[in-house]
Amino acid sequence: MTPTAHVIGAGLAGLAAALALTAAGRAVVLHESGPVAGGRCRSYADRELGLTIDNGNHLLLSGNRTALAYLDAIGARATMTGPTRPRFPFMDLGTGRRWTVRPNRGRLAWWVLDPARRVPGTGAADYLRLLHLPRITDDRTVAESLPDNALFRRLVAPLAIAALNTSPDEGLARLLGAVVRETLLAGGAACLPLLPRHSLAASFIDPAIATLRARGAEVRFSHRVAALALEAGRVVGLRGTEGTIPLGPDDAVVLAVPPWVATGLLPGLAVPDAFEAILNLHYATPAVPDPPDVRIAGFVGLIGGMAEWVFAKSTHVSVTISAASRLIDRPSEALAAQVWPEVRTALGFAPDAKLPPCRVVKEKRATFAATAEQDRRRPGAHTGLPNLVLAGDWTATGLPATIEGAIRSGNLASDLLLHPPA
Ligand SMILES: Cc1cc2nc3c(=O)[nH]c(=O)nc-3n(C[C@H](O)[C@H](O)[C@H](O)COP(=O)(O)OP(=O)(O)OC[C@H]3O[C@@H](n4cnc5c(N)ncnc54)[C@H](O)[C@@H]3O)c2cc1C
């Protein structure tokens, strides 16, 4: 019989693993506890708003090469959109000042010499300090690694909070260093912002499921794996909602579930156990932002408010607030009302534009907290069992919990099954 790989969890890590395994000719069964795939990267029809919305805004940068290869593999690269040149518009809500960070495309970063392209209040020398971020290997936080100056407050801190989903006072500099090495420091061509044109599902999820099915994979939704049957140091069965599925001697398992589920299925597995929330507020109003730079980019970063990033979409406006555990218990209505004036200002709406209907999506455990303590708890893909490997953005990828990290972890898990170490 052809060996079967059972992939548990149809988030991006599980989908990437399943795609890589089917590409190599393996038979794959994908088990997903939810009614749809996508996990923390999903879309749904919101009846009240009358819109398809994403659980949260997800931004890729063109330097996320594994994520782009994933999109290529499922024929979905063209579903992503973004400015043709790297540009990051910002606004300081306290002063009303706007600026756009505009790296040049090449590796030689001459843009830092041009005051019109760099962050106001900064000098070229400030940017040299960023070069040492990727070399950090110790437990320093982002705030401990860089001086508290205009560059930090107006660029590094907003990027760090977005990338790490953890405040710079606690977030690990070495994880941010891994991100900036592959994006900001790799030149402007690696910093092009990319967003799904329609939805996360249309870009990352539906084409992946279609590709898997076309390759003969079996996809089982609403199939929660409740336990792994272990015998003589191997996984011999999966206990799920439909009874026990026995595994053949050459069958293998990729466990691509969130950390709190993984440790339940594999007692004794140390995993990250502290998390940070992300809030997304989706306002049902179309937006054609007034500031041209915001219109071209499709988003704006905000300093000095509650809202951190505002995305202007054709059917609605979405706001992201990261490292948001402090806000998670506030009522949604209050959050929507509090953030709306910031959105109005950021996008150049009329000052009296009324609060539109709003859906607040609170992802309580959006990502593990990117602290030194939590990073040490991230396991590698190996479990010590020959036919069981781990995947997920929370495994030891060297990156923070991101699409890029999740997909890399899925690829690595499939590599380990296809080419087991001798
Ligand atoms: C609001 C928000 C905004 C984000 N923004 C960005 C961004 O801008 N850029 C970026 O790069 N990243 C972003 N991320 C991070 C990104 O979404 C995650 O890193 C990625 O989706 C994690 O994928 P995963 O497969 O590791 O985990 P998950 O998505 O959690 O997948 C795990 C899957 O396992 C399933 N499952 C659980 N238990 C079982 C079981 N017992 N049996 C079977 N299946 C099970 C779950 O239903 C789920 O589908 C964001 C995340 C959130 C929440």
# chains A, B, ... in the order shown; residues from 1 in each chain; ligands from 1
>>> select_by_dssp(residues="range 222-350 of chain A", states="strand (DSSP E)", output="VMD selection string")
chain A and resid 225 to 231 234 to 240 243 to 246 252 to 255 275 to 283 299 to 303 309 to 312 317 to 321
>>> write_last_selection(atoms="N, CA and C atoms", output="tab-separated table (two decimals), in the first residue's frame")
chain	number	residue	atom	x	y	z
A	225	VAL	N	-9.15	15.58	15.56
A	225	VAL	CA	-8.36	14.45	16.07
A	225	VAL	C	-8.24	14.66	17.57
A	226	ALA	N	-8.81	13.74	18.34
A	226	ALA	CA	-8.89	13.92	19.79
A	226	ALA	C	-7.72	13.27	20.52
A	227	ALA	N	-7.10	12.27	19.90
A	227	ALA	CA	-5.97	11.59	20.56
A	227	ALA	C	-5.12	10.87	19.53
A	228	LEU	N	-3.84	10.71	19.86
A	228	LEU	CA	-2.94	9.91	19.03
A	228	LEU	C	-2.76	8.57	19.75
A	229	ALA	N	-2.95	7.47	19.04
A	229	ALA	CA	-2.68	6.16	19.65
A	229	ALA	C	-1.20	5.86	19.42
A	230	LEU	N	-0.47	5.66	20.51
A	230	LEU	CA	0.98	5.41	20.42
A	230	LEU	C	1.26	3.98	20.86
A	231	GLU	N	2.19	3.36	20.15
A	231	GLU	CA	2.58	1.99	20.52
A	231	GLU	C	4.02	1.78	20.08
A	234	ARG	N	5.75	4.69	18.28
A	234	ARG	CA	5.25	5.20	16.99
A	234	ARG	C	3.78	5.59	17.14
A	235	VAL	N	3.32	6.41	16.21
A	235	VAL	CA	1.88	6.66	16.15
A	235	VAL	C	1.27	5.52	15.34
A	236	VAL	N	0.27	4.85	15.94
A	236	VAL	CA	-0.34	3.72	15.23
A	236	VAL	C	-1.81	3.99	14.89
A	237	GLY	N	-2.33	5.12	15.39
A	237	GLY	CA	-3.72	5.42	15.06
A	237	GLY	C	-4.09	6.83	15.45
A	238	LEU	N	-5.14	7.34	14.83
A	238	LEU	CA	-5.68	8.66	15.16
A	238	LEU	C	-7.09	8.47	15.67
A	239	ARG	N	-7.35	8.93	16.89
A	239	ARG	CA	-8.72	8.83	17.40
A	239	ARG	C	-9.42	10.14	17.11
A	240	GLY	N	-10.47	10.03	16.30
A	240	GLY	CA	-11.17	11.25	15.89
A	240	GLY	C	-12.65	11.12	16.11
A	243	GLY	N	-14.25	7.79	15.08
A	243	GLY	CA	-13.63	6.55	15.57
A	243	GLY	C	-12.14	6.56	15.34
A	244	THR	N	-11.50	5.39	15.45
A	244	THR	CA	-10.04	5.34	15.32
A	244	THR	C	-9.63	5.00	13.89
A	245	ILE	N	-8.69	5.78	13.39
A	245	ILE	CA	-8.15	5.50	12.07
A	245	ILE	C	-6.80	4.81	12.29
A	246	PRO	N	-6.67	3.54	11.88
A	246	PRO	CA	-5.38	2.87	12.10
A	246	PRO	C	-4.35	3.35	11.08
A	252	ALA	N	2.61	8.22	8.25
A	252	ALA	CA	3.22	9.23	9.13
A	252	ALA	C	2.22	10.35	9.40
A	253	VAL	N	2.56	11.18	10.39
A	253	VAL	CA	1.64	12.24	10.83
A	253	VAL	C	2.40	13.57	10.91
A	254	VAL	N	1.76	14.62	10.37
A	254	VAL	CA	2.24	15.99	10.62
A	254	VAL	C	1.22	16.63	11.56
A	255	LEU	N	1.68	17.01	12.73
A	255	LEU	CA	0.80	17.64	13.70
A	255	LEU	C	0.92	19.15	13.53
A	275	PHE	N	0.30	34.10	25.28
A	275	PHE	CA	-0.15	34.55	23.96
A	275	PHE	C	-0.49	36.03	23.98
A	276	GLU	N	-0.54	36.62	22.81
A	276	GLU	CA	-0.96	38.01	22.68
A	276	GLU	C	-2.16	38.06	21.73
A	277	ALA	N	-3.03	39.02	21.99
A	277	ALA	CA	-4.23	39.16	21.16
A	277	ALA	C	-3.99	40.12	20.00
A	278	ILE	N	-4.83	40.00	18.98
A	278	ILE	CA	-4.89	41.02	17.91
A	278	ILE	C	-6.36	41.39	17.76
A	279	LEU	N	-6.62	42.70	17.67
A	279	LEU	CA	-7.99	43.17	17.42
A	279	LEU	C	-8.07	43.67	15.99
A	280	ASN	N	-9.13	43.28	15.32
A	280	ASN	CA	-9.41	43.87	14.01
A	280	ASN	C	-10.80	44.46	14.03
A	281	LEU	N	-10.91	45.68	13.54
A	281	LEU	CA	-12.21	46.34	13.48
A	281	LEU	C	-12.54	46.55	12.01
A	282	HIS	N	-13.66	46.01	11.58
A	282	HIS	CA	-14.05	46.10	10.17
A	282	HIS	C	-15.25	47.04	10.07
A	283	TYR	N	-15.06	48.20	9.47
A	283	TYR	CA	-16.13	49.18	9.32
A	283	TYR	C	-16.73	49.04	7.93
A	299	PHE	N	-3.06	51.40	2.60
A	299	PHE	CA	-3.05	51.36	4.07
A	299	PHE	C	-2.24	52.52	4.61
A	300	VAL	N	-2.40	52.77	5.91
A	300	VAL	CA	-1.59	53.81	6.56
A	300	VAL	C	-1.28	53.35	7.98
A	301	GLY	N	-0.06	53.61	8.41
A	301	GLY	CA	0.34	53.32	9.78
A	301	GLY	C	0.08	54.54	10.64
A	302	LEU	N	-0.45	54.33	11.85
A	302	LEU	CA	-0.78	55.46	12.71
A	302	LEU	C	0.08	55.45	13.97
A	303	ILE	N	0.52	56.65	14.35
A	303	ILE	CA	1.32	56.81	15.56
A	303	ILE	C	0.46	57.62	16.54
A	309	TRP	N	-2.76	50.20	12.26
A	309	TRP	CA	-2.73	50.17	10.80
A	309	TRP	C	-4.16	50.24	10.31
A	310	VAL	N	-4.41	51.10	9.33
A	310	VAL	CA	-5.76	51.21	8.76
A	310	VAL	C	-5.67	50.81	7.29
A	311	PHE	N	-6.48	49.83	6.91
A	311	PHE	CA	-6.47	49.32	5.54
A	311	PHE	C	-7.74	49.80	4.83
A	312	ALA	N	-7.56	50.43	3.69
A	312	ALA	CA	-8.71	50.93	2.92
A	312	ALA	C	-9.03	49.93	1.83
A	317	VAL	N	-13.39	49.27	5.53
A	317	VAL	CA	-12.14	49.75	6.12
A	317	VAL	C	-11.82	48.84	7.29
A	318	SER	N	-10.57	48.37	7.37
A	318	SER	CA	-10.20	47.47	8.46
A	318	SER	C	-9.04	48.06	9.26
A	319	VAL	N	-9.15	47.91	10.55
A	319	VAL	CA	-8.12	48.45	11.44
A	319	VAL	C	-7.48	47.30	12.21
A	320	THR	N	-6.16	47.34	12.34
A	320	THR	CA	-5.46	46.34	13.14
A	320	THR	C	-4.87	46.98	14.39
A	321	ILE	N	-5.09	46.33	15.52
A	321	ILE	CA	-4.40	46.71	16.76
A	321	ILE	C	-3.72	45.44	17.29
>>> residues_near_ligand(ligand="ligand 1", cutoff="7 Å", atoms="only C-alpha atoms and all ligand atoms", output="PDB file with C-alpha atoms, in the first residue's frame")
ATOM      1  CA  ILE A   8      -3.698  17.291  11.336  1.00  0.00           C
ATOM      2  CA  GLY A   9      -4.743  20.947  11.073  1.00  0.00           C
ATOM      3  CA  ALA A  10      -5.535  22.874   7.887  1.00  0.00           C
ATOM      4  CA  GLY A  11      -3.987  26.193   8.826  1.00  0.00           C
ATOM      5  CA  LEU A  12      -1.169  27.510   6.646  1.00  0.00           C
ATOM      6  CA  ALA A  13       1.396  25.164   8.214  1.00  0.00           C
ATOM      7  CA  GLY A  14      -0.744  22.083   7.572  1.00  0.00           C
ATOM      8  CA  HIS A  31      -7.899  16.435   9.074  1.00  0.00           C
ATOM      9  CA  GLU A  32      -9.373  19.773  10.123  1.00  0.00           C
ATOM     10  CA  SER A  33     -11.517  20.229  13.202  1.00  0.00           C
ATOM     11  CA  GLY A  34     -13.292  23.293  11.830  1.00  0.00           C
ATOM     12  CA  ALA A  37      -9.599  25.573   6.420  1.00  0.00           C
ATOM     13  CA  GLY A  38      -7.385  28.527   7.244  1.00  0.00           C
ATOM     14  CA  GLY A  39      -7.183  28.530  11.030  1.00  0.00           C
ATOM     15  CA  ARG A  40      -5.946  31.951  12.076  1.00  0.00           C
ATOM     16  CA  CYS A  41      -5.863  33.091   8.452  1.00  0.00           C
ATOM     17  CA  ASN A  55     -10.511  37.481  10.665  1.00  0.00           C
ATOM     18  CA  GLY A  56      -7.641  39.955  10.497  1.00  0.00           C
ATOM     19  CA  ASN A  57      -5.648  41.968   8.014  1.00  0.00           C
ATOM     20  CA  HIS A  58      -2.662  39.972   6.846  1.00  0.00           C
ATOM     21  CA  LEU A  59       0.195  41.766   5.152  1.00  0.00           C
ATOM     22  CA  LEU A  60       3.031  40.030   3.321  1.00  0.00           C
ATOM     23  CA  HIS A 223     -12.874  16.101  11.842  1.00  0.00           C
ATOM     24  CA  ARG A 224     -11.193  16.790  15.145  1.00  0.00           C
ATOM     25  CA  VAL A 225      -8.365  14.453  16.073  1.00  0.00           C
ATOM     26  CA  ALA A 226      -8.886  13.925  19.794  1.00  0.00           C
ATOM     27  CA  ALA A 256      -0.020  21.193  12.571  1.00  0.00           C
ATOM     28  CA  VAL A 257      -2.404  22.317  15.290  1.00  0.00           C
ATOM     29  CA  PRO A 258      -2.070  25.263  17.717  1.00  0.00           C
ATOM     30  CA  VAL A 261      -3.827  21.409  21.171  1.00  0.00           C
ATOM     31  CA  ILE A 278      -4.894  41.021  17.914  1.00  0.00           C
ATOM     32  CA  LEU A 279      -7.986  43.168  17.422  1.00  0.00           C
ATOM     33  CA  ASN A 280      -9.410  43.868  14.007  1.00  0.00           C
ATOM     34  CA  GLU A 363      -8.344  36.945  18.358  1.00  0.00           C
ATOM     35  CA  ALA A 366      -3.532  35.375  17.918  1.00  0.00           C
ATOM     36  CA  THR A 367       0.158  34.456  18.338  1.00  0.00           C
ATOM     37  CA  ALA A 391       4.499  22.165  12.215  1.00  0.00           C
ATOM     38  CA  GLY A 392       3.061  25.548  13.108  1.00  0.00           C
ATOM     39  CA  ASP A 393       4.133  29.161  13.442  1.00  0.00           C
ATOM     40  CA  TRP A 394       4.913  28.424  17.106  1.00  0.00           C
ATOM     41  CA  ALA A 401       4.490  33.877  14.320  1.00  0.00           C
ATOM     42  CA  THR A 402       3.831  34.859  10.725  1.00  0.00           C
ATOM     43  CA  ILE A 403       2.565  33.422   7.464  1.00  0.00           C
ATOM     44  CA  GLU A 404       6.166  33.029   6.350  1.00  0.00           C
ATOM     45  CA  GLY A 405       7.054  31.117   9.516  1.00  0.00           C
ATOM     46  CA  ALA A 406       3.959  28.899   9.352  1.00  0.00           C
TER      47      ALA A 406
END
>>> residues_around(residues="Leu61 in chain A", least_positions_apart="3", cutoff="6 Å", atoms="only C-alpha atoms", output="ChimeraX atom specification")
/A:64,191-194
>>> closest_residue(among="A:Ala17, A:Val179, A:Ala396, A:Val156", to="Ala270 in chain A", atoms="only C-alpha atoms")
A:Ala396
>>> closest_residue(among="A:Leu266, A:Ala350, A:Leu51, A:Ile205", to="Ala76 in chain A", atoms="only C-alpha atoms")
A:Ile205
>>> select_by_dssp(residues="range 25-114 of chain A", states="alpha helix (DSSP H)", output="list of chain:residue names")
A:Arg65, A:Thr66, A:Ala67, A:Leu68, A:Ala69, A:Tyr70, A:Leu71, A:Asp72, A:Ala73
>>> residues_around(residues="Pro400 in chain A", least_positions_apart="2", cutoff="12 Å", atoms="only C-alpha atoms", output="short mmCIF file (atom, residue, chain, number, x, y, z; two decimals) with C-alpha atoms, in the first residue's frame")
data_model
loop_
_atom_site.label_atom_id
_atom_site.label_comp_id
_atom_site.auth_asym_id
_atom_site.auth_seq_id
_atom_site.Cartn_x
_atom_site.Cartn_y
_atom_site.Cartn_z
CA ALA A 160 8.08 45.54 15.59
CA ILE A 161 4.60 45.47 17.11
CA ALA A 162 3.14 44.32 13.80
CA ALA A 163 5.79 41.64 13.19
CA LEU A 164 6.11 40.31 16.76
CA ASN A 165 2.61 41.05 18.07
CA THR A 166 4.42 41.97 21.26
CA GLY A 171 9.55 41.57 22.10
CA LEU A 172 12.74 39.73 21.16
CA ALA A 173 15.13 41.71 18.99
CA ARG A 174 16.54 38.57 17.37
CA LEU A 175 13.10 37.63 15.99
CA LEU A 176 12.67 41.12 14.58
CA GLY A 177 16.22 40.86 13.23
CA ALA A 178 15.27 37.77 11.24
CA VAL A 179 12.39 39.68 9.66
CA VAL A 180 14.32 42.82 8.79
CA ALA A 366 -3.53 35.37 17.92
CA THR A 367 0.16 34.46 18.34
CA PHE A 368 2.53 33.34 21.06
CA ALA A 369 4.07 36.27 22.93
CA ALA A 370 7.43 36.84 21.22
CA THR A 371 9.42 37.02 24.45
CA ALA A 372 12.69 35.27 25.33
CA GLN A 374 8.32 31.89 25.11
CA ASP A 375 10.86 31.58 22.31
CA ARG A 378 9.31 26.53 20.90
CA GLY A 392 3.06 25.55 13.11
CA ASP A 393 4.13 29.16 13.44
CA TRP A 394 4.91 28.42 17.11
CA THR A 395 7.60 25.83 16.36
CA ALA A 396 11.26 26.88 16.32
CA THR A 397 11.36 28.56 12.92
CA GLY A 398 13.62 31.43 13.98
CA THR A 402 3.83 34.86 10.72
CA ILE A 403 2.56 33.42 7.46
CA GLU A 404 6.17 33.03 6.35
CA GLY A 405 7.05 31.12 9.52
CA ALA A 406 3.96 28.90 9.35
CA ARG A 408 8.32 27.30 6.35
CA SER A 409 7.42 25.03 9.25
#
>>> residues_around(residues="Val389 in chain A", least_positions_apart="6", cutoff="6 Å", atoms="only C-alpha atoms", output="ChimeraX atom specification")
/A:254,381-383,413
